[in-house]
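Visitor: Dropping in entry_14.txt, which is compact mmCIF, C-alpha atoms:
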```txt
# COMPACT_ATOMS: atom_id res chain seq x y z
CA MET A 1 22.06 -50.65 -52.51
CA VAL A 2 25.43 -49.94 -50.90
CA GLN A 3 26.64 -48.36 -54.13
CA ASP A 4 23.51 -46.18 -54.32
CA ARG A 5 24.13 -45.00 -50.78
CA GLU A 6 27.79 -44.29 -51.57
CA SER A 7 27.06 -42.25 -54.69
CA ASP A 8 24.28 -40.45 -52.81
CA ASP A 9 26.73 -39.66 -50.04
CA SER A 10 29.39 -38.38 -52.37
CA ARG A 11 26.83 -36.11 -54.14
CA LEU A 12 25.78 -34.85 -50.72
CA VAL A 13 29.39 -34.13 -49.70
CA ASP A 14 29.95 -32.21 -52.96
CA ALA A 15 26.76 -30.23 -52.39
CA ILE A 16 27.86 -29.27 -48.86
CA ARG A 17 31.28 -28.24 -50.12
CA ARG A 18 29.57 -26.00 -52.68
CA ARG A 19 27.43 -24.60 -49.81
CA GLU A 20 24.21 -25.64 -51.57
CA PRO A 21 21.24 -24.57 -49.45
CA GLY A 22 19.70 -27.41 -47.48
CA SER A 23 22.54 -29.83 -48.11
CA PHE A 24 24.02 -29.73 -44.61
CA GLU A 25 20.56 -30.09 -43.11
CA HIS A 26 20.08 -33.15 -45.27
CA LEU A 27 23.26 -34.66 -43.83
CA VAL A 28 22.11 -33.93 -40.27
CA ARG A 29 18.75 -35.56 -40.91
CA ARG A 30 20.21 -38.55 -42.76
CA TYR A 31 22.73 -39.57 -40.10
CA GLY A 32 21.70 -37.68 -36.95
CA ALA A 33 19.38 -40.23 -35.37
CA ARG A 34 21.83 -43.12 -35.69
CA LEU A 35 24.69 -41.05 -34.32
CA LEU A 36 22.53 -39.83 -31.46
CA ALA A 37 21.64 -43.42 -30.60
CA THR A 38 25.32 -44.34 -30.50
CA GLY A 39 26.10 -41.35 -28.27
CA ARG A 40 23.28 -42.22 -25.90
CA ARG A 41 24.50 -45.77 -25.57
CA ILE A 42 28.04 -44.66 -24.80
CA LEU A 43 27.18 -41.81 -22.47
CA ARG A 44 23.91 -43.11 -20.97
CA ASP A 45 22.74 -39.50 -20.90
CA THR A 46 20.43 -37.84 -23.43
CA GLN A 47 21.62 -34.29 -22.85
CA LEU A 48 25.31 -35.17 -23.11
CA ALA A 49 24.61 -37.21 -26.25
CA GLU A 50 22.79 -34.26 -27.84
CA ASP A 51 25.72 -31.93 -27.02
CA CYS A 52 27.99 -34.50 -28.55
CA LEU A 53 25.91 -34.72 -31.72
CA GLN A 54 26.08 -30.98 -32.14
CA GLU A 55 29.87 -31.00 -31.71
CA THR A 56 30.16 -33.92 -34.13
CA PHE A 57 28.32 -32.15 -36.95
CA ILE A 58 30.21 -28.90 -36.36
CA LYS A 59 33.47 -30.82 -36.53
CA ALA A 60 32.33 -32.75 -39.60
CA PHE A 61 31.34 -29.51 -41.35
CA ASP A 62 34.70 -27.92 -40.60
CA LYS A 63 36.67 -31.00 -41.59
CA LEU A 64 34.66 -32.03 -44.62
CA ASP A 65 37.61 -31.26 -46.89
CA MET A 66 39.53 -33.95 -45.07
CA PHE A 67 36.89 -36.59 -45.82
CA GLU A 68 38.47 -38.63 -48.59
CA GLY A 69 35.70 -41.12 -49.14
CA ARG A 70 37.89 -44.11 -48.31
CA SER A 71 35.49 -45.12 -45.57
CA GLY A 72 31.77 -44.50 -45.93
CA LEU A 73 30.37 -41.14 -44.85
CA GLY A 74 28.37 -42.86 -42.09
CA THR A 75 31.48 -44.60 -40.73
CA TRP A 76 33.44 -41.33 -40.83
CA LEU A 77 30.72 -39.48 -38.90
CA HIS A 78 30.41 -42.38 -36.48
CA SER A 79 34.11 -42.21 -35.80
CA ILE A 80 33.90 -38.49 -34.93
CA MET A 81 30.85 -39.11 -32.72
CA VAL A 82 32.47 -42.00 -30.85
CA ASN A 83 35.64 -39.99 -30.22
CA GLN A 84 33.68 -36.98 -28.99
CA ALA A 85 31.65 -39.21 -26.69
CA LEU A 86 34.75 -40.94 -25.33
CA MET A 87 36.33 -37.58 -24.57
CA LYS A 88 33.25 -36.59 -22.59
CA LEU A 89 33.31 -39.89 -20.79
CA ARG A 90 36.94 -39.41 -19.81
CA LYS A 91 36.15 -36.01 -18.32
CA ASP A 92 33.49 -37.48 -16.12
CA LYS A 93 34.83 -40.91 -15.23
CA PRO A 94 32.49 -42.92 -13.04
CA GLY A 95 33.60 -45.83 -10.87
CA ARG A 96 34.43 -48.44 -13.48
CA LEU A 97 36.79 -51.34 -13.40
CA GLU A 98 40.27 -50.14 -14.26
CA GLN A 99 41.51 -53.39 -15.69
CA ILE A 100 40.07 -56.80 -16.45
CA ASP A 101 43.04 -59.14 -16.16
CA ASP A 102 41.50 -60.89 -13.16
CA LEU A 103 38.40 -61.69 -15.21
CA MET A 104 40.25 -63.48 -18.00
CA PRO A 105 39.94 -67.28 -18.49
CA GLN A 106 42.25 -69.36 -16.30
CA PHE A 107 44.47 -72.24 -17.39
CA ASP A 108 46.58 -74.63 -15.31
CA SER A 109 50.26 -75.43 -15.88
CA ASP A 110 49.24 -78.19 -18.32
CA THR A 111 47.43 -75.56 -20.49
CA CYS A 112 44.06 -77.05 -19.50
CA ARG A 113 41.19 -74.63 -18.89
CA ILE A 114 40.04 -74.15 -15.31
CA GLU A 115 36.25 -73.89 -15.40
CA ALA A 116 34.01 -74.91 -12.51
CA PRO A 117 31.31 -77.36 -13.73
CA TRP A 118 28.12 -75.70 -14.92
CA SER A 119 25.33 -77.72 -13.35
CA TYR A 120 22.90 -74.96 -14.37
CA LEU A 121 23.10 -72.35 -17.11
CA ALA A 122 20.22 -69.85 -17.38
CA THR A 123 19.19 -69.01 -20.95
CA PRO A 124 19.08 -65.41 -22.22
CA ASP A 125 15.30 -65.78 -22.76
CA GLU A 126 14.76 -66.72 -19.11
CA LEU A 127 16.98 -63.92 -17.83
CA LEU A 128 15.72 -61.14 -20.08
CA GLU A 129 12.14 -61.81 -19.05
CA GLN A 130 12.98 -60.29 -15.68
CA GLN A 131 13.63 -56.57 -15.67
CA GLN A 132 15.95 -56.98 -12.71
CA SER A 133 18.33 -59.33 -14.56
CA ARG A 134 18.23 -57.11 -17.63
CA GLN A 135 19.36 -54.18 -15.49
CA LEU A 136 22.07 -56.34 -13.95
CA VAL A 137 23.39 -57.19 -17.41
CA GLN A 138 23.37 -53.50 -18.34
CA SER A 139 25.16 -52.52 -15.14
CA GLN A 140 27.86 -55.16 -15.65
CA ILE A 141 28.43 -54.00 -19.25
CA GLU A 142 28.79 -50.47 -17.92
CA GLN A 143 31.43 -51.61 -15.44
CA LEU A 144 33.80 -52.60 -18.24
CA PRO A 145 36.68 -50.21 -18.88
CA GLU A 146 35.64 -47.88 -21.70
CA ASN A 147 38.03 -49.21 -24.39
CA TYR A 148 36.46 -52.66 -23.95
CA ARG A 149 32.90 -51.47 -23.51
CA ILE A 150 33.05 -49.40 -26.69
CA VAL A 151 34.14 -52.39 -28.81
CA LEU A 152 31.44 -54.57 -27.26
CA GLN A 153 28.86 -51.86 -27.89
CA LEU A 154 29.78 -51.28 -31.52
CA ARG A 155 30.17 -54.97 -32.38
CA ASP A 156 27.68 -56.91 -30.23
CA ILE A 157 25.04 -54.28 -29.45
CA GLU A 158 25.02 -52.10 -32.59
CA GLU A 159 26.15 -55.06 -34.72
CA HIS A 160 28.67 -53.27 -36.93
CA ASP A 161 31.10 -55.65 -38.61
CA THR A 162 34.71 -55.88 -37.46
CA ALA A 163 36.06 -53.81 -40.39
CA THR A 164 33.67 -50.93 -39.62
CA VAL A 165 34.47 -51.01 -35.89
CA ALA A 166 38.18 -50.88 -36.78
CA GLU A 167 37.58 -47.81 -38.98
CA ILE A 168 35.44 -46.06 -36.39
CA LEU A 169 38.03 -46.54 -33.66
CA GLY A 170 41.08 -46.09 -35.90
CA ILE A 171 42.63 -49.42 -34.86
CA THR A 172 43.42 -52.62 -36.78
CA GLN A 173 40.87 -55.39 -37.24
CA GLY A 174 43.18 -57.68 -35.26
CA ALA A 175 43.10 -55.26 -32.34
CA VAL A 176 39.28 -55.09 -32.53
CA LYS A 177 39.04 -58.88 -32.38
CA VAL A 178 41.38 -59.22 -29.43
CA ARG A 179 39.72 -56.40 -27.49
CA LEU A 180 36.27 -57.77 -28.27
CA HIS A 181 37.23 -61.23 -27.06
CA ARG A 182 38.63 -59.82 -23.82
CA ALA A 183 35.48 -57.72 -23.32
CA ARG A 184 33.23 -60.74 -23.85
CA ALA A 185 35.34 -62.96 -21.59
CA ALA A 186 35.33 -60.31 -18.85
CA LEU A 187 31.59 -59.83 -19.15
CA LYS A 188 31.06 -63.60 -18.99
CA ALA A 189 33.00 -63.65 -15.72
CA LEU A 190 30.99 -60.71 -14.36
CA LEU A 191 27.70 -62.37 -15.34
CA GLU A 192 28.66 -65.80 -14.08
CA PRO A 193 26.61 -65.74 -10.86
CA LEU A 194 23.55 -64.57 -12.83
CA LEU A 195 24.04 -67.28 -15.47
CA ARG A 196 24.50 -69.92 -12.77
CA GLY A 197 21.26 -68.87 -11.08
CA GLU A 198 23.07 -67.57 -7.98
CA GLU A 199 22.71 -64.30 -6.11
CA MET A 200 24.72 -61.53 -7.73
CA PRO A 201 27.27 -60.05 -5.29
CA MET B 1 37.62 -88.59 -7.67
CA THR B 2 40.43 -87.62 -5.27
CA SER B 3 42.16 -84.36 -6.00
CA LEU B 4 45.31 -86.38 -6.74
CA GLY B 5 43.35 -88.47 -9.24
CA SER B 6 41.83 -85.43 -10.83
CA ARG B 7 45.23 -83.72 -11.08
CA PHE B 8 46.58 -86.83 -12.80
CA MET B 9 43.65 -86.86 -15.24
CA ARG B 10 44.22 -83.20 -16.08
CA LYS B 11 47.92 -83.87 -16.67
CA MET B 12 47.00 -86.71 -19.03
CA LYS B 13 44.50 -84.53 -20.81
CA GLY B 14 47.03 -81.70 -21.17
CA ALA B 15 49.62 -84.10 -22.58
CA MET B 16 47.13 -85.69 -25.00
CA LEU B 17 45.91 -82.31 -26.29
CA SER B 18 49.48 -81.02 -26.64
CA TRP B 19 51.02 -83.99 -28.40
CA MET B 20 48.38 -85.90 -30.35
CA PRO B 21 48.00 -84.79 -33.96
CA GLY B 22 44.78 -82.97 -34.85
CA MET B 23 44.30 -81.73 -31.28
CA LEU B 24 44.24 -78.28 -29.73
CA THR B 25 45.20 -77.35 -26.18
CA CYS B 26 42.65 -75.29 -24.25
CA MET B 27 44.94 -72.28 -24.59
CA GLU B 28 45.06 -72.68 -28.36
CA PHE B 29 41.27 -73.13 -28.32
CA GLU B 30 41.05 -69.70 -26.67
CA ILE B 31 43.07 -68.15 -29.51
CA PHE B 32 40.99 -69.89 -32.21
CA LEU B 33 37.79 -68.81 -30.48
CA ILE B 34 38.07 -65.25 -31.79
CA ASP B 35 38.05 -66.32 -35.45
CA TYR B 36 35.56 -69.11 -34.79
CA MET B 37 33.04 -66.56 -33.50
CA GLU B 38 33.79 -64.28 -36.49
CA GLY B 39 33.15 -67.24 -38.82
CA THR B 40 36.60 -66.79 -40.37
CA LEU B 41 38.33 -69.91 -39.07
CA PRO B 42 39.57 -71.99 -42.05
CA ALA B 43 37.69 -75.29 -42.48
CA GLY B 44 40.53 -77.53 -41.24
CA GLN B 45 41.05 -75.48 -38.08
CA ARG B 46 37.30 -75.34 -37.53
CA ARG B 47 37.12 -79.14 -37.51
CA VAL B 48 39.92 -79.33 -34.95
CA PHE B 49 38.22 -76.63 -32.88
CA GLU B 50 34.87 -78.42 -32.97
CA PHE B 51 36.50 -81.71 -32.04
CA HIS B 52 37.99 -80.02 -28.98
CA ILE B 53 34.47 -78.91 -27.97
CA LYS B 54 33.37 -82.56 -28.06
CA ILE B 55 36.17 -83.87 -25.87
CA CYS B 56 36.76 -81.03 -23.42
CA ARG B 57 34.05 -80.44 -20.80
CA GLU B 58 35.64 -77.20 -19.57
CA CYS B 59 35.85 -75.54 -23.01
CA ARG B 60 32.40 -76.81 -24.02
CA GLU B 61 30.75 -75.28 -20.96
CA TYR B 62 32.89 -72.14 -21.19
CA LEU B 63 31.78 -71.65 -24.80
CA ALA B 64 28.10 -72.12 -23.92
CA ALA B 65 28.30 -69.42 -21.22
CA TYR B 66 30.36 -67.18 -23.53
CA ARG B 67 27.74 -67.43 -26.28
CA TYR B 68 24.93 -66.62 -23.85
CA THR B 69 26.93 -63.63 -22.63
CA ILE B 70 27.14 -62.25 -26.17
CA GLU B 71 23.42 -62.78 -26.68
CA LEU B 72 22.61 -61.12 -23.35
CA ALA B 73 24.75 -58.09 -24.20
CA GLY B 74 23.12 -57.79 -27.62
CA ARG B 75 19.60 -57.90 -26.22
CA ALA B 76 20.05 -56.18 -22.85
CA TYR B 77 19.11 -52.74 -24.10
CA ASP B 78 16.13 -53.54 -26.33
CA ASP B 79 13.52 -53.44 -23.60
CA GLY B 80 11.85 -50.27 -24.83
CA SER B 81 12.52 -48.51 -21.50
CA ALA B 82 14.79 -45.96 -23.16
CA PRO B 83 13.81 -46.03 -26.83
CA LEU B 84 16.47 -44.86 -29.20
CA PRO B 85 15.60 -41.84 -31.32
CA ASP B 86 14.08 -42.29 -34.80
CA GLU B 87 15.01 -38.75 -35.65
CA VAL B 88 16.94 -35.83 -34.26
CA PRO B 89 14.82 -33.44 -32.16
CA GLU B 90 13.88 -30.42 -34.27
CA ASP B 91 15.43 -27.85 -31.92
CA LEU B 92 18.70 -29.75 -32.01
CA VAL B 93 18.72 -29.75 -35.83
CA LYS B 94 18.13 -25.98 -35.74
CA ALA B 95 20.92 -25.47 -33.19
CA ILE B 96 23.36 -27.47 -35.34
CA LEU B 97 22.46 -25.53 -38.49
CA ALA B 98 22.63 -22.19 -36.66
CA ALA B 99 26.12 -23.00 -35.36
CA ARG B 100 27.45 -23.09 -38.92
CA ASN B 101 25.00 -20.67 -40.56
CA CYS B 102 23.61 -23.35 -42.83
```
Would you encode the structure as structure tokens?

Guide:
Amino acid sequence: MVQDRESDDSRLVDAIRRREPGSFEHLVRRYGARLLATGRRILRDTQLAEDCLQETFIKAFDKLDMFEGRSGLGTWLHSIMVNQALMKLRKDKPGRLEQIDDLMPQFDSDTCRIEAPWSYLATPDELLEQQQSRQLVQSQIEQLPENYRIVLQLRDIEEHDTATVAEILGITQGAVKVRLHRARAALKALLEPLLRGEEMP
Amino acid sequence: MTSLGSRFMRKMKGAMLSWMPGMLTCMEFEIFLIDYMEGTLPAGQRRVFEFHIKICRECREYLAAYRYTIELAGRAYDDGSAPLPDEVPEDLVKAILAARNC
């Protein structure tokens, strides 16, 4: 299946390079919806995501000669889309956390973890039944600094594997894993009152 | 337990986890956690990691909340309130094609 998709993709790239009628449209239709979904998740704005999609395909068309086929066509397009979206996000930076060091796990001088006892831990099923908690989870994810949120989005929400996330973001797999862990740990700290059944601040 | 007693117990625990063979400290557990969640921790290290979960209340409860956090993040957006597109709107496809005369 993967091989079929790859040979299909490379035929499509050749066709676009030869300016075959309909080939670019085929590319837009094949990958557009998935890229648009990614843009909407990053930007939380349909119009901005659509602008971003347009810029992504224009860029992809202009840079197609630089596509070497080392990563899949979908991953390559994804990487352009994510970078375009991040640039837009930087231009219009809302009030997010600037750093997450205070949210990292704590250890004492004997290297033992400091973790207040969990007498109650709400399950995801319980929490997601209520629209209000669902929105709280979304708003806490959106508070994360963008370089953490983007890794969490690509890995835990869109469920790309670590290698693909590394290719999309142009960083090493080790860096993806470390950033992902910090994002999850920070989010756990932000969600702690909700998970403990307490009032969120 | 008095806070003095509990500090003593934590010291003992820290020393046991640091020095006894086949044990991990909580800080090492944190480093292993990344590969454990990826499913890439070698079998021997996985056994040590899982043993730590059994004997350390703090890491066991931390891990439970951490797992729920990942699940919550993964499912938070699939409520159908803002459905993701199945296809690109037709006018947007036309605009993209027009921009490059395709």

Visitor: For a quick check of your reading of the model, name the residues lying within 6 Å of the coordinate (14.0, -36.5, -38.6), counting only C-alpha atoms, and write them as a list in words.

Guide: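 Those within range, by chain then number, are Arg29 of chain A; Glu87 and Val88 of chain B.
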
Visitor: Kindly assemble as CSV a list of the chain B residues that lie within 6 Å of chain A, each paired with its nearest atom pair and their distance in Å to one decimal, using all atoms listed in the file, sorted first by chain and then by ascending residue number.

Guide:
```
residue,atom,partner,partner_atom,distance
B:Gly14,CA,A:Asp110,CA,5.0
B:Cys26,CA,A:Cys112,CA,5.3
B:Met27,CA,A:Thr111,CA,5.8
B:Glu58,CA,A:Glu115,CA,5.4
B:Tyr66,CA,A:Lys188,CA,5.8
B:Thr69,CA,A:Lys188,CA,5.5
B:Leu72,CA,A:Pro124,CA,5.7
B:Gly74,CA,A:Ile157,CA,4.4
B:Ala76,CA,A:Arg134,CA,5.6
B:Leu84,CA,A:Ala37,CA,5.5
B:Pro85,CA,A:Ala33,CA,5.8
B:Asp86,CA,A:Ala33,CA,5.7
B:Glu87,CA,A:Ala33,CA,4.6
B:Val88,CA,A:Ala33,CA,5.2
B:Ile96,CA,A:Gln54,CA,5.5
```

Visitor: Could you save the residues just selected, with C-alpha atoms, as a compact mmCIF listing (two decimals), in the frame of the given file?

Guide:
```txt
# COMPACT_ATOMS: atom_id res chain seq x y z
CA GLY B 14 47.03 -81.70 -21.17
CA CYS B 26 42.65 -75.29 -24.25
CA MET B 27 44.94 -72.28 -24.59
CA GLU B 58 35.64 -77.20 -19.57
CA TYR B 66 30.36 -67.18 -23.53
CA THR B 69 26.93 -63.63 -22.63
CA LEU B 72 22.61 -61.12 -23.35
CA GLY B 74 23.12 -57.79 -27.62
CA ALA B 76 20.05 -56.18 -22.85
CA LEU B 84 16.47 -44.86 -29.20
CA PRO B 85 15.60 -41.84 -31.32
CA ASP B 86 14.08 -42.29 -34.80
CA GLU B 87 15.01 -38.75 -35.65
CA VAL B 88 16.94 -35.83 -34.26
CA ILE B 96 23.36 -27.47 -35.34
```

Visitor: One decimal, Å: what's the distance from CA of Ile53 (chain B) over to CA of Arg67 (chain B), could you say?

Guide: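 Spanning CA of Ile53 (chain B) to CA of Arg67 (chain B) is a straight-line distance of 13.4 Å.
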
Visitor: Report, in Å with one decimal, the straight-line distance from CA of Leu144 (chain A) to CA of Ile171 (chain A).

Guide: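 Computing the Euclidean distance for CA of Leu144 (chain A) and CA of Ile171 (chain A) yields 19.1 Å.
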
Visitor: For CA of Ala15 (chain B) and CA of Gly44 (chain B), determine how far apart the two atoms are, in Å to one decimal place.

Guide: 21.8 Å
